[in-house]
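Read through the structure below, which is laid out as structure tokens, and then see the notes.
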Amino acid sequence: MALFDATSAVGSDSNLGGLMLNYFRETQEARFATPARRMYGYVSAGIVVAVMALVFAGLAPIWISWATFVASCVLDAVLTRNWIREDALQAYRREYPR
């Protein structure tokens, strides 16, 4: 078997494809699990779009748009990882109460 042939593609004989799909599903579930989390997502996207609109209108420098976008991505990643951990811990505690 060659290193880069079709049988070594993701999802064929490796589990990487399944793991990534599972991660994406857990991420999506964590982001929309509560009304507050959904609201955070909408507000975050609204702020990024508003800043980009200001840049396109010439009212703000482009670096502000990039800084806002990067800050939004980092905050989203950190919060989502925390939410996934919280949800997993709550599910575990429901399954195995003390």
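By order of appearance in the structure tokens: chains A, B, ..., then residues from 1 within every chain, and ligands from 1 in the order shown.
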I need the residues of chain A that end up classed as helix (DSSP H, G or I) by DSSP on the backbone, written out as an MDAnalysis selection string. chainID A and resid 6:8 16:31 35:56 62:95
Checklist line | segment 64-68 of chain A environment, 7 Å, only C-alpha atoms, sequence neighbours closer than 3 positions dropped, as a VMD selection string | finding: chain A and resid 48 51 to 52 55 60 to 61 71 to 72
Mind dumping the selected residues with N, CA, C and O atoms as a compact mmCIF listing (two decimals), in the first residue's frame?
```
# COMPACT_ATOMS: atom_id res chain seq x y z
N VAL A 48 -18.85 41.58 14.24
CA VAL A 48 -17.87 41.42 13.16
C VAL A 48 -18.41 42.03 11.87
O VAL A 48 -17.69 42.76 11.16
N VAL A 51 -18.41 45.91 12.10
CA VAL A 51 -17.06 46.48 11.95
C VAL A 51 -16.62 46.40 10.50
O VAL A 51 -16.03 47.35 9.96
N MET A 52 -16.91 45.29 9.84
CA MET A 52 -16.55 45.18 8.41
C MET A 52 -17.31 46.21 7.58
O MET A 52 -16.75 46.77 6.63
N VAL A 55 -15.55 49.46 7.91
CA VAL A 55 -14.32 49.47 7.11
C VAL A 55 -14.66 49.69 5.64
O VAL A 55 -14.02 50.51 4.96
N ALA A 60 -13.51 53.26 9.26
CA ALA A 60 -12.58 52.63 10.20
C ALA A 60 -11.43 52.02 9.39
O ALA A 60 -11.63 51.58 8.26
N PRO A 61 -10.23 52.01 9.97
CA PRO A 61 -9.10 51.40 9.26
C PRO A 61 -9.25 49.87 9.19
O PRO A 61 -9.91 49.26 10.03
N ALA A 71 -10.03 38.42 17.23
CA ALA A 71 -10.51 38.36 18.62
C ALA A 71 -11.79 37.52 18.70
O ALA A 71 -11.95 36.72 19.64
N SER A 72 -12.67 37.68 17.74
CA SER A 72 -13.90 36.91 17.72
C SER A 72 -13.62 35.42 17.56
O SER A 72 -14.21 34.59 18.25
```
Discussion item. List as an NGL selection string the protein and nucleic acid residues near Phe32 of chain A, meaning an atom at most 12 Å away when only C-alpha atoms are counted, but skip any in the same chain fewer than 5 places from it.
Written reply: :A and (25-27 or 37-42 or 80 or 83-84 or 87)
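Minimum atom-to-atom distances from A:Ala57, A:Thr34, A:Arg94, A:Ala45 to Leu75 of chain A were compared using only C-alpha atoms, and the lowest value belongs to A:Ala45.
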What is the distance, in Å and to one decimal place, between atom CA of Val70 of chain A and atom CA of Leu19 of chain A?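 Between these atoms lies a distance of 26.0 Å.
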What's the separation between atom CA of Ala36 of chain A and atom CA of Asp76 of chain A, in Å to one decimal place?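 These atoms are spaced 13.6 Å apart.
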